[in-house]
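Q: Just passing along the structure, written as structure tokens.
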Amino acid sequence: MSAAIQTINLTKRYGRTVALDQLNLTVAPGTIYGFVGPNGAGKTTTLRMLAGLLEPSSGEIRLLDERLDREGRASQRLVGYMPDFFGVYDDLRVWEYLDFFARCYNLPAAKRRSTVEGLLDLVDLAPKRDAFVQSLSRGMQQRLCLAHALVHDPPILLLDEPASGLDPRARVELRELLRTLRDMGKTIVLSSHILSELAEVCTALGIMQGGRLIASGSLDEVMHQLGNTRRLKLALVRGLEQAQAVLRATPGVGAIEVVEEEAVPSSGVVMLLIEWDGSPEATADLIERLVKAGAGLAAFGSTTNDLEELFLQIATP
């Protein structure tokens, strides 16, 4: 199977307004794919069409090599959708809420019970099974709605702003849950404005602007496609001069800045920030040359604000 999700010239118009303009997207099975873009870029429109909730003006959607028809039957079986604004039934207990939706998918009684208990364990709500939905915190309600999207065990999950409104601990828990779902074989597409979350959990990204997909791939690939220079941070315990010599002689290295030479005097750590537009393979070669030259690397990685800077770059008129 070549793709979990494929769109071909997918377009959505509202009168003269083009909300989505000839989207050609391919998401491989087992991917956590993140949509990045300003409000109105077309992220939610795309997710709703993949879920079969909006009819395209033109173009084609294929889910696991099955073409999505106008009635959305393929999406009903293959997709679990979690919208950005979701409703819950306050007068139901947690297990009743999930049991209700299991009945909607015609799960037999024995399977309903095992499905509900399994989902409560998965999203860590088993201790709250008999609580009323309105008594749950925001983070718990998010997890409950994710469990709702999983009731029929779909291979594809579409999550619109799943971390919206969550505190830092709940975001960490959600991130770990998404990785667990990926390990279970799920393909996940999510949108978010919490860009650092996408960078940490997603294996691929799509940059949306004005209804068009302007870049797609891994973070490194997206940065390269947009011609954006990455920034790398190096923590050195020794060999500052050797490292600077290697960096100056390396094609693709721009500005080199010592940002915290004496931030932790007792540790002897020197921090370097460099501009870098090399490929992942070139990055691996650079690390090898630094080590061979005698640079003692305590840490090496991209700075955490790459995606934020990229977002500002595409969102600024």
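In the structure tokens, the first chain shown is A, the next is B, and so on; residue numbers restart at 1 for each chain, and ligands run from 1 in the order shown.
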When you look at range 209-215 of chain A with a cut-off of 9 Å (counting only C-alpha atoms), what residues show up, excluding the ones that are within fewer than 4 positions of it in the same chain? I need them as a PyMOL selection string.

A: chain A and resi 11-12+18-25+36-43+45+205+221-223+225-226+314-315

Q: Once DSSP has gone over the backbone, tell me which residues of range 94-308 of chain A are in alpha helix (DSSP H), as a PDB file with N, CA and C atoms, in the first residue's frame.

A:
```pdb
ATOM      1  N   VAL A  94     -18.878   8.828  31.709  1.00  0.00           N
ATOM      2  CA  VAL A  94     -17.810   8.663  30.718  1.00  0.00           C
ATOM      3  C   VAL A  94     -18.003   7.374  29.917  1.00  0.00           C
ATOM      4  N   TRP A  95     -18.269   6.265  30.594  1.00  0.00           N
ATOM      5  CA  TRP A  95     -18.411   4.998  29.866  1.00  0.00           C
ATOM      6  C   TRP A  95     -19.665   5.012  29.000  1.00  0.00           C
ATOM      7  N   GLU A  96     -20.716   5.693  29.459  1.00  0.00           N
ATOM      8  CA  GLU A  96     -21.937   5.772  28.665  1.00  0.00           C
ATOM      9  C   GLU A  96     -21.719   6.574  27.385  1.00  0.00           C
ATOM     10  N   TYR A  97     -20.913   7.613  27.496  1.00  0.00           N
ATOM     11  CA  TYR A  97     -20.596   8.449  26.330  1.00  0.00           C
ATOM     12  C   TYR A  97     -19.963   7.606  25.223  1.00  0.00           C
ATOM     13  N   LEU A  98     -18.960   6.798  25.600  1.00  0.00           N
ATOM     14  CA  LEU A  98     -18.300   5.955  24.606  1.00  0.00           C
ATOM     15  C   LEU A  98     -19.213   4.823  24.145  1.00  0.00           C
ATOM     16  N   ASP A  99     -20.001   4.283  25.040  1.00  0.00           N
ATOM     17  CA  ASP A  99     -20.924   3.215  24.674  1.00  0.00           C
ATOM     18  C   ASP A  99     -21.963   3.713  23.666  1.00  0.00           C
ATOM     19  N   PHE A 100     -22.413   4.950  23.831  1.00  0.00           N
ATOM     20  CA  PHE A 100     -23.386   5.539  22.906  1.00  0.00           C
ATOM     21  C   PHE A 100     -22.835   5.550  21.486  1.00  0.00           C
ATOM     22  N   PHE A 101     -21.595   6.004  21.323  1.00  0.00           N
ATOM     23  CA  PHE A 101     -21.023   6.075  19.979  1.00  0.00           C
ATOM     24  C   PHE A 101     -20.672   4.681  19.444  1.00  0.00           C
ATOM     25  N   ALA A 102     -20.326   3.762  20.341  1.00  0.00           N
ATOM     26  CA  ALA A 102     -20.109   2.383  19.890  1.00  0.00           C
ATOM     27  C   ALA A 102     -21.401   1.802  19.320  1.00  0.00           C
ATOM     28  N   ARG A 103     -22.543   2.136  19.929  1.00  0.00           N
ATOM     29  CA  ARG A 103     -23.831   1.695  19.398  1.00  0.00           C
ATOM     30  C   ARG A 103     -24.095   2.326  18.029  1.00  0.00           C
ATOM     31  N   CYS A 104     -23.683   3.584  17.862  1.00  0.00           N
ATOM     32  CA  CYS A 104     -23.874   4.248  16.568  1.00  0.00           C
ATOM     33  C   CYS A 104     -23.127   3.517  15.454  1.00  0.00           C
ATOM     34  N   ALA A 109     -22.988  -6.029  21.638  1.00  0.00           N
ATOM     35  CA  ALA A 109     -22.876  -5.720  23.066  1.00  0.00           C
ATOM     36  C   ALA A 109     -21.557  -6.171  23.674  1.00  0.00           C
ATOM     37  N   ALA A 110     -21.149  -7.421  23.393  1.00  0.00           N
ATOM     38  CA  ALA A 110     -19.904  -7.935  23.981  1.00  0.00           C
ATOM     39  C   ALA A 110     -18.707  -7.118  23.524  1.00  0.00           C
ATOM     40  N   LYS A 111     -18.680  -6.758  22.244  1.00  0.00           N
ATOM     41  CA  LYS A 111     -17.556  -5.984  21.722  1.00  0.00           C
ATOM     42  C   LYS A 111     -17.596  -4.554  22.239  1.00  0.00           C
ATOM     43  N   ARG A 112     -18.804  -4.023  22.447  1.00  0.00           N
ATOM     44  CA  ARG A 112     -18.907  -2.670  22.990  1.00  0.00           C
ATOM     45  C   ARG A 112     -18.241  -2.575  24.348  1.00  0.00           C
ATOM     46  N   ARG A 113     -18.526  -3.533  25.203  1.00  0.00           N
ATOM     47  CA  ARG A 113     -17.956  -3.503  26.552  1.00  0.00           C
ATOM     48  C   ARG A 113     -16.429  -3.547  26.511  1.00  0.00           C
ATOM     49  N   SER A 114     -15.879  -4.460  25.729  1.00  0.00           N
ATOM     50  CA  SER A 114     -14.409  -4.573  25.664  1.00  0.00           C
ATOM     51  C   SER A 114     -13.789  -3.351  24.994  1.00  0.00           C
ATOM     52  N   THR A 115     -14.479  -2.801  23.999  1.00  0.00           N
ATOM     53  CA  THR A 115     -13.969  -1.610  23.314  1.00  0.00           C
ATOM     54  C   THR A 115     -13.928  -0.416  24.250  1.00  0.00           C
ATOM     55  N   VAL A 116     -15.015  -0.209  24.990  1.00  0.00           N
ATOM     56  CA  VAL A 116     -15.074   0.927  25.916  1.00  0.00           C
ATOM     57  C   VAL A 116     -14.000   0.806  26.988  1.00  0.00           C
ATOM     58  N   GLU A 117     -13.860  -0.381  27.580  1.00  0.00           N
ATOM     59  CA  GLU A 117     -12.854  -0.551  28.632  1.00  0.00           C
ATOM     60  C   GLU A 117     -11.441  -0.371  28.082  1.00  0.00           C
ATOM     61  N   GLY A 118     -11.214  -0.903  26.877  1.00  0.00           N
ATOM     62  CA  GLY A 118      -9.889  -0.756  26.266  1.00  0.00           C
ATOM     63  C   GLY A 118      -9.544   0.692  25.966  1.00  0.00           C
ATOM     64  N   LEU A 119     -10.518   1.464  25.476  1.00  0.00           N
ATOM     65  CA  LEU A 119     -10.269   2.870  25.172  1.00  0.00           C
ATOM     66  C   LEU A 119     -10.061   3.692  26.434  1.00  0.00           C
ATOM     67  N   LEU A 120     -10.791   3.377  27.475  1.00  0.00           N
ATOM     68  CA  LEU A 120     -10.595   4.093  28.737  1.00  0.00           C
ATOM     69  C   LEU A 120      -9.193   3.855  29.285  1.00  0.00           C
ATOM     70  N   ASP A 121      -8.699   2.637  29.157  1.00  0.00           N
ATOM     71  CA  ASP A 121      -7.325   2.344  29.566  1.00  0.00           C
ATOM     72  C   ASP A 121      -6.327   3.090  28.682  1.00  0.00           C
ATOM     73  N   LEU A 122      -6.588   3.105  27.372  1.00  0.00           N
ATOM     74  CA  LEU A 122      -5.667   3.735  26.427  1.00  0.00           C
ATOM     75  C   LEU A 122      -5.494   5.217  26.721  1.00  0.00           C
ATOM     76  N   ARG A 138     -10.583  20.032  31.137  1.00  0.00           N
ATOM     77  CA  ARG A 138     -10.439  20.227  29.690  1.00  0.00           C
ATOM     78  C   ARG A 138      -9.574  19.137  29.068  1.00  0.00           C
ATOM     79  N   GLY A 139      -8.452  18.834  29.698  1.00  0.00           N
ATOM     80  CA  GLY A 139      -7.564  17.809  29.158  1.00  0.00           C
ATOM     81  C   GLY A 139      -8.223  16.437  29.122  1.00  0.00           C
ATOM     82  N   MET A 140      -8.983  16.109  30.163  1.00  0.00           N
ATOM     83  CA  MET A 140      -9.676  14.821  30.192  1.00  0.00           C
ATOM     84  C   MET A 140     -10.756  14.763  29.120  1.00  0.00           C
ATOM     85  N   GLN A 141     -11.453  15.876  28.899  1.00  0.00           N
ATOM     86  CA  GLN A 141     -12.460  15.900  27.844  1.00  0.00           C
ATOM     87  C   GLN A 141     -11.822  15.731  26.473  1.00  0.00           C
ATOM     88  N   GLN A 142     -10.635  16.312  26.277  1.00  0.00           N
ATOM     89  CA  GLN A 142      -9.907  16.113  25.024  1.00  0.00           C
ATOM     90  C   GLN A 142      -9.602  14.638  24.812  1.00  0.00           C
ATOM     91  N   ARG A 143      -9.130  13.979  25.876  1.00  0.00           N
ATOM     92  CA  ARG A 143      -8.811  12.558  25.754  1.00  0.00           C
ATOM     93  C   ARG A 143     -10.060  11.713  25.521  1.00  0.00           C
ATOM     94  N   LEU A 144     -11.162  12.111  26.133  1.00  0.00           N
ATOM     95  CA  LEU A 144     -12.415  11.391  25.921  1.00  0.00           C
ATOM     96  C   LEU A 144     -12.871  11.521  24.468  1.00  0.00           C
ATOM     97  N   CYS A 145     -12.758  12.704  23.908  1.00  0.00           N
ATOM     98  CA  CYS A 145     -13.161  12.894  22.513  1.00  0.00           C
ATOM     99  C   CYS A 145     -12.224  12.165  21.555  1.00  0.00           C
ATOM    100  N   LEU A 146     -10.958  12.037  21.927  1.00  0.00           N
ATOM    101  CA  LEU A 146     -10.050  11.233  21.120  1.00  0.00           C
ATOM    102  C   LEU A 146     -10.458   9.766  21.188  1.00  0.00           C
ATOM    103  N   ALA A 147     -10.842   9.309  22.372  1.00  0.00           N
ATOM    104  CA  ALA A 147     -11.338   7.938  22.499  1.00  0.00           C
ATOM    105  C   ALA A 147     -12.593   7.732  21.657  1.00  0.00           C
ATOM    106  N   HIS A 148     -13.459   8.736  21.628  1.00  0.00           N
ATOM    107  CA  HIS A 148     -14.662   8.679  20.784  1.00  0.00           C
ATOM    108  C   HIS A 148     -14.281   8.477  19.319  1.00  0.00           C
ATOM    109  N   ALA A 149     -13.233   9.181  18.848  1.00  0.00           N
ATOM    110  CA  ALA A 149     -12.793   9.044  17.456  1.00  0.00           C
ATOM    111  C   ALA A 149     -12.219   7.664  17.170  1.00  0.00           C
ATOM    112  N   PRO A 168       0.565  22.500  30.044  1.00  0.00           N
ATOM    113  CA  PRO A 168       1.786  21.813  29.586  1.00  0.00           C
ATOM    114  C   PRO A 168       1.807  20.322  29.872  1.00  0.00           C
ATOM    115  N   ARG A 169       1.343  19.917  31.067  1.00  0.00           N
ATOM    116  CA  ARG A 169       1.365  18.489  31.388  1.00  0.00           C
ATOM    117  C   ARG A 169       0.418  17.713  30.478  1.00  0.00           C
ATOM    118  N   ALA A 170      -0.760  18.277  30.214  1.00  0.00           N
ATOM    119  CA  ALA A 170      -1.720  17.601  29.342  1.00  0.00           C
ATOM    120  C   ALA A 170      -1.184  17.497  27.919  1.00  0.00           C
ATOM    121  N   ARG A 171      -0.422  18.486  27.486  1.00  0.00           N
ATOM    122  CA  ARG A 171       0.173  18.422  26.146  1.00  0.00           C
ATOM    123  C   ARG A 171       1.194  17.296  26.053  1.00  0.00           C
ATOM    124  N   VAL A 172       1.978  17.143  27.104  1.00  0.00           N
ATOM    125  CA  VAL A 172       2.945  16.041  27.128  1.00  0.00           C
ATOM    126  C   VAL A 172       2.221  14.704  27.064  1.00  0.00           C
ATOM    127  N   GLU A 173       1.152  14.575  27.836  1.00  0.00           N
ATOM    128  CA  GLU A 173       0.380  13.327  27.838  1.00  0.00           C
ATOM    129  C   GLU A 173      -0.220  13.060  26.460  1.00  0.00           C
ATOM    130  N   LEU A 174      -0.736  14.116  25.813  1.00  0.00           N
ATOM    131  CA  LEU A 174      -1.300  13.956  24.475  1.00  0.00           C
ATOM    132  C   LEU A 174      -0.230  13.533  23.487  1.00  0.00           C
ATOM    133  N   ARG A 175       0.947  14.128  23.606  1.00  0.00           N
ATOM    134  CA  ARG A 175       2.048  13.789  22.699  1.00  0.00           C
ATOM    135  C   ARG A 175       2.425  12.318  22.833  1.00  0.00           C
ATOM    136  N   GLU A 176       2.497  11.826  24.061  1.00  0.00           N
ATOM    137  CA  GLU A 176       2.829  10.422  24.271  1.00  0.00           C
ATOM    138  C   GLU A 176       1.723   9.517  23.743  1.00  0.00           C
ATOM    139  N   LEU A 177       0.479   9.944  23.895  1.00  0.00           N
ATOM    140  CA  LEU A 177      -0.639   9.149  23.386  1.00  0.00           C
ATOM    141  C   LEU A 177      -0.599   9.055  21.868  1.00  0.00           C
ATOM    142  N   LEU A 178      -0.257  10.153  21.206  1.00  0.00           N
ATOM    143  CA  LEU A 178      -0.154  10.130  19.741  1.00  0.00           C
ATOM    144  C   LEU A 178       0.944   9.169  19.288  1.00  0.00           C
ATOM    145  N   ARG A 179       2.054   9.147  19.997  1.00  0.00           N
ATOM    146  CA  ARG A 179       3.132   8.203  19.643  1.00  0.00           C
ATOM    147  C   ARG A 179       2.665   6.767  19.848  1.00  0.00           C
ATOM    148  N   THR A 180       1.906   6.525  20.913  1.00  0.00           N
ATOM    149  CA  THR A 180       1.368   5.183  21.143  1.00  0.00           C
ATOM    150  C   THR A 180       0.448   4.765  20.009  1.00  0.00           C
ATOM    151  N   LEU A 181      -0.405   5.675  19.563  1.00  0.00           N
ATOM    152  CA  LEU A 181      -1.321   5.375  18.464  1.00  0.00           C
ATOM    153  C   LEU A 181      -0.562   5.099  17.174  1.00  0.00           C
ATOM    154  N   ARG A 182       0.500   5.843  16.944  1.00  0.00           N
ATOM    155  CA  ARG A 182       1.330   5.570  15.757  1.00  0.00           C
ATOM    156  C   ARG A 182       1.942   4.183  15.849  1.00  0.00           C
ATOM    157  N   ASP A 183       2.420   3.814  17.034  1.00  0.00           N
ATOM    158  CA  ASP A 183       3.004   2.480  17.208  1.00  0.00           C
ATOM    159  C   ASP A 183       1.957   1.381  17.010  1.00  0.00           C
ATOM    160  N   LEU A 195       3.448  25.245  17.586  1.00  0.00           N
ATOM    161  CA  LEU A 195       4.364  24.718  16.590  1.00  0.00           C
ATOM    162  C   LEU A 195       5.448  23.844  17.183  1.00  0.00           C
ATOM    163  N   SER A 196       5.875  24.152  18.409  1.00  0.00           N
ATOM    164  CA  SER A 196       6.899  23.307  19.029  1.00  0.00           C
ATOM    165  C   SER A 196       6.373  21.897  19.249  1.00  0.00           C
ATOM    166  N   GLU A 197       5.042  21.768  19.502  1.00  0.00           N
ATOM    167  CA  GLU A 197       4.451  20.440  19.665  1.00  0.00           C
ATOM    168  C   GLU A 197       4.543  19.656  18.369  1.00  0.00           C
ATOM    169  N   LEU A 198       4.278  20.300  17.243  1.00  0.00           N
ATOM    170  CA  LEU A 198       4.357  19.621  15.964  1.00  0.00           C
ATOM    171  C   LEU A 198       5.784  19.168  15.686  1.00  0.00           C
ATOM    172  N   ALA A 199       6.748  20.023  15.982  1.00  0.00           N
ATOM    173  CA  ALA A 199       8.140  19.676  15.710  1.00  0.00           C
ATOM    174  C   ALA A 199       8.564  18.452  16.493  1.00  0.00           C
ATOM    175  N   GLU A 200       8.036  18.294  17.720  1.00  0.00           N
ATOM    176  CA  GLU A 200       8.455  17.187  18.572  1.00  0.00           C
ATOM    177  C   GLU A 200       7.779  15.875  18.220  1.00  0.00           C
ATOM    178  N   VAL A 201       6.518  15.923  17.788  1.00  0.00           N
ATOM    179  CA  VAL A 201       5.762  14.683  17.625  1.00  0.00           C
ATOM    180  C   VAL A 201       5.599  14.255  16.173  1.00  0.00           C
ATOM    181  N   LEU A 219      10.852  18.048   8.687  1.00  0.00           N
ATOM    182  CA  LEU A 219      11.173  19.425   9.035  1.00  0.00           C
ATOM    183  C   LEU A 219      12.351  19.929   8.223  1.00  0.00           C
ATOM    184  N   ASP A 220      13.393  19.136   8.124  1.00  0.00           N
ATOM    185  CA  ASP A 220      14.560  19.546   7.337  1.00  0.00           C
ATOM    186  C   ASP A 220      14.186  19.768   5.877  1.00  0.00           C
ATOM    187  N   GLU A 221      13.379  18.873   5.315  1.00  0.00           N
ATOM    188  CA  GLU A 221      12.980  19.006   3.919  1.00  0.00           C
ATOM    189  C   GLU A 221      12.126  20.246   3.694  1.00  0.00           C
ATOM    190  N   VAL A 222      11.232  20.527   4.634  1.00  0.00           N
ATOM    191  CA  VAL A 222      10.375  21.709   4.504  1.00  0.00           C
ATOM    192  C   VAL A 222      11.198  22.982   4.576  1.00  0.00           C
ATOM    193  N   MET A 223      12.122  23.036   5.519  1.00  0.00           N
ATOM    194  CA  MET A 223      12.971  24.216   5.629  1.00  0.00           C
ATOM    195  C   MET A 223      13.779  24.424   4.356  1.00  0.00           C
ATOM    196  N   HIS A 224      14.255  23.323   3.779  1.00  0.00           N
ATOM    197  CA  HIS A 224      15.042  23.412   2.552  1.00  0.00           C
ATOM    198  C   HIS A 224      14.162  23.866   1.385  1.00  0.00           C
ATOM    199  N   GLN A 225      12.931  23.321   1.294  1.00  0.00           N
ATOM    200  CA  GLN A 225      12.030  23.697   0.199  1.00  0.00           C
ATOM    201  C   GLN A 225      11.689  25.184   0.230  1.00  0.00           C
ATOM    202  N   LEU A 240      36.822  24.725  21.330  1.00  0.00           N
ATOM    203  CA  LEU A 240      36.094  25.814  20.684  1.00  0.00           C
ATOM    204  C   LEU A 240      36.794  26.270  19.403  1.00  0.00           C
ATOM    205  N   GLU A 241      38.088  26.498  19.461  1.00  0.00           N
ATOM    206  CA  GLU A 241      38.807  26.979  18.282  1.00  0.00           C
ATOM    207  C   GLU A 241      38.772  25.960  17.154  1.00  0.00           C
ATOM    208  N   GLN A 242      38.939  24.660  17.495  1.00  0.00           N
ATOM    209  CA  GLN A 242      38.875  23.620  16.464  1.00  0.00           C
ATOM    210  C   GLN A 242      37.498  23.581  15.804  1.00  0.00           C
ATOM    211  N   ALA A 243      36.453  23.721  16.635  1.00  0.00           N
ATOM    212  CA  ALA A 243      35.090  23.698  16.094  1.00  0.00           C
ATOM    213  C   ALA A 243      34.850  24.884  15.170  1.00  0.00           C
ATOM    214  N   GLN A 244      35.289  26.061  15.590  1.00  0.00           N
ATOM    215  CA  GLN A 244      35.104  27.244  14.745  1.00  0.00           C
ATOM    216  C   GLN A 244      35.846  27.104  13.425  1.00  0.00           C
ATOM    217  N   ALA A 245      37.029  26.499  13.445  1.00  0.00           N
ATOM    218  CA  ALA A 245      37.788  26.307  12.211  1.00  0.00           C
ATOM    219  C   ALA A 245      37.048  25.377  11.257  1.00  0.00           C
ATOM    220  N   VAL A 246      36.498  24.285  11.809  1.00  0.00           N
ATOM    221  CA  VAL A 246      35.730  23.349  10.969  1.00  0.00           C
ATOM    222  C   VAL A 246      34.506  24.028  10.388  1.00  0.00           C
ATOM    223  N   LEU A 247      33.805  24.774  11.201  1.00  0.00           N
ATOM    224  CA  LEU A 247      32.576  25.431  10.751  1.00  0.00           C
ATOM    225  C   LEU A 247      32.853  26.452   9.655  1.00  0.00           C
ATOM    226  N   ARG A 248      33.935  27.239   9.816  1.00  0.00           N
ATOM    227  CA  ARG A 248      34.259  28.250   8.806  1.00  0.00           C
ATOM    228  C   ARG A 248      34.619  27.614   7.467  1.00  0.00           C
ATOM    229  N   PRO A 280      20.211  16.520   5.910  1.00  0.00           N
ATOM    230  CA  PRO A 280      20.487  15.633   7.042  1.00  0.00           C
ATOM    231  C   PRO A 280      21.806  14.872   6.889  1.00  0.00           C
ATOM    232  N   GLU A 281      22.118  14.452   5.655  1.00  0.00           N
ATOM    233  CA  GLU A 281      23.379  13.742   5.434  1.00  0.00           C
ATOM    234  C   GLU A 281      24.572  14.671   5.684  1.00  0.00           C
ATOM    235  N   ALA A 282      24.439  15.911   5.227  1.00  0.00           N
ATOM    236  CA  ALA A 282      25.524  16.876   5.445  1.00  0.00           C
ATOM    237  C   ALA A 282      25.675  17.194   6.930  1.00  0.00           C
ATOM    238  N   THR A 283      24.559  17.207   7.655  1.00  0.00           N
ATOM    239  CA  THR A 283      24.617  17.444   9.100  1.00  0.00           C
ATOM    240  C   THR A 283      25.385  16.323   9.790  1.00  0.00           C
ATOM    241  N   ALA A 284      25.125  15.078   9.390  1.00  0.00           N
ATOM    242  CA  ALA A 284      25.847  13.946   9.972  1.00  0.00           C
ATOM    243  C   ALA A 284      27.347  14.054   9.686  1.00  0.00           C
ATOM    244  N   ASP A 285      27.696  14.450   8.461  1.00  0.00           N
ATOM    245  CA  ASP A 285      29.116  14.635   8.108  1.00  0.00           C
ATOM    246  C   ASP A 285      29.745  15.744   8.945  1.00  0.00           C
ATOM    247  N   LEU A 286      28.987  16.816   9.176  1.00  0.00           N
ATOM    248  CA  LEU A 286      29.510  17.924   9.968  1.00  0.00           C
ATOM    249  C   LEU A 286      29.809  17.484  11.400  1.00  0.00           C
ATOM    250  N   ILE A 287      28.932  16.739  11.990  1.00  0.00           N
ATOM    251  CA  ILE A 287      29.165  16.232  13.346  1.00  0.00           C
ATOM    252  C   ILE A 287      30.430  15.388  13.389  1.00  0.00           C
ATOM    253  N   GLU A 288      30.584  14.515  12.395  1.00  0.00           N
ATOM    254  CA  GLU A 288      31.765  13.639  12.356  1.00  0.00           C
ATOM    255  C   GLU A 288      33.051  14.450  12.258  1.00  0.00           C
ATOM    256  N   ARG A 289      33.038  15.499  11.416  1.00  0.00           N
ATOM    257  CA  ARG A 289      34.248  16.320  11.270  1.00  0.00           C
ATOM    258  C   ARG A 289      34.559  17.087  12.553  1.00  0.00           C
ATOM    259  N   LEU A 290      33.528  17.565  13.233  1.00  0.00           N
ATOM    260  CA  LEU A 290      33.752  18.286  14.485  1.00  0.00           C
ATOM    261  C   LEU A 290      34.406  17.383  15.531  1.00  0.00           C
ATOM    262  N   VAL A 291      33.896  16.166  15.639  1.00  0.00           N
ATOM    263  CA  VAL A 291      34.447  15.223  16.628  1.00  0.00           C
ATOM    264  C   VAL A 291      35.884  14.868  16.274  1.00  0.00           C
ATOM    265  N   LYS A 292      36.155  14.596  14.998  1.00  0.00           N
ATOM    266  CA  LYS A 292      37.514  14.247  14.574  1.00  0.00           C
ATOM    267  C   LYS A 292      38.500  15.389  14.814  1.00  0.00           C
ATOM    268  N   ASP A 306      12.684  27.143  15.363  1.00  0.00           N
ATOM    269  CA  ASP A 306      12.692  27.098  13.913  1.00  0.00           C
ATOM    270  C   ASP A 306      11.292  27.202  13.342  1.00  0.00           C
ATOM    271  N   LEU A 307      10.356  26.399  13.879  1.00  0.00           N
ATOM    272  CA  LEU A 307       9.003  26.413  13.344  1.00  0.00           C
ATOM    273  C   LEU A 307       8.299  27.733  13.625  1.00  0.00           C
ATOM    274  N   GLU A 308       8.532  28.333  14.795  1.00  0.00           N
ATOM    275  CA  GLU A 308       7.911  29.607  15.075  1.00  0.00           C
ATOM    276  C   GLU A 308       8.366  30.666  14.082  1.00  0.00           C
TER     277      GLU A 308
END
```

Q: Neighbouring residues of range 273-275 of chain A were defined as those with any atom within 9 Å, considering only C-alpha atoms; residues of the same chain fewer than 5 positions away were excluded. Please report them as a list of chain:residue names.

A: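 Contacts, in chain order: A:Thr229, A:Arg230, A:Arg231, A:Leu232, A:Lys233, A:Leu234, A:Leu247, A:Gly252, A:Val253, A:Gly254, A:Ala255, A:Ile256, A:Glu257, A:Val258, A:Val259, A:Thr303.
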
Q: Near Asp65 in chain A, counting only C-alpha atoms, which residues have an atom at most 12 Å away, once you skip same-chain residues fewer than 3 positions from it, shown as JSON, numbers by chain?

A: {"A": [1, 2, 3, 4, 5, 6, 7, 26, 27, 28, 29, 60, 61, 62, 68, 74, 78]}

Q: If you run DSSP on the backbone here, which positions in range 75-116 of chain A get strand (DSSP E)? Please write them as a list in words.

A: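 Output for range 75-116 of chain A, strand (DSSP E) only: Val79, Gly80, Tyr81 and Met82 of chain A.
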
Q: Please identify all polymer residues within 10 Å of Ser191 in chain A, counting only C-alpha atoms, omitting same-chain residues fewer than 5 positions from it, and present them as an mmCIF file with C-alpha atoms, in the first residue's frame.

A:
```cif
data_model
loop_
_atom_site.group_PDB
_atom_site.id
_atom_site.type_symbol
_atom_site.label_atom_id
_atom_site.label_comp_id
_atom_site.auth_asym_id
_atom_site.auth_seq_id
_atom_site.Cartn_x
_atom_site.Cartn_y
_atom_site.Cartn_z
ATOM 1 C CA TYR A 33 1.557 14.480 9.694
ATOM 2 C CA GLY A 34 1.173 18.051 10.947
ATOM 3 C CA PHE A 35 -0.463 20.960 9.157
ATOM 4 C CA VAL A 36 1.111 24.345 9.868
ATOM 5 C CA GLY A 37 -0.348 27.631 8.687
ATOM 6 C CA LYS A 43 -6.161 23.292 7.273
ATOM 7 C CA THR A 44 -9.618 22.710 8.772
ATOM 8 C CA LEU A 47 -9.482 17.815 7.419
ATOM 9 C CA ASP A 84 -11.378 21.754 16.970
ATOM 10 C CA LEU A 158 -7.795 13.437 11.774
ATOM 11 C CA LEU A 159 -7.256 15.790 14.718
ATOM 12 C CA ASP A 160 -8.012 19.511 14.408
ATOM 13 C CA GLU A 161 -6.109 21.520 17.060
ATOM 14 C CA PRO A 162 -6.030 18.621 19.560
ATOM 15 C CA ALA A 163 -3.783 20.471 22.024
ATOM 16 C CA LEU A 198 4.357 19.621 15.964
ATOM 17 C CA LEU A 205 4.849 18.518 8.071
ATOM 18 C CA GLY A 206 2.789 20.407 5.520
#
```

Q: Can you tell me how far CA of Thr31 in chain A sits from CA of Ile156 in chain A, in Å to one decimal?

A: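 Rounded to one decimal, the two atoms are 9.8 Å apart.
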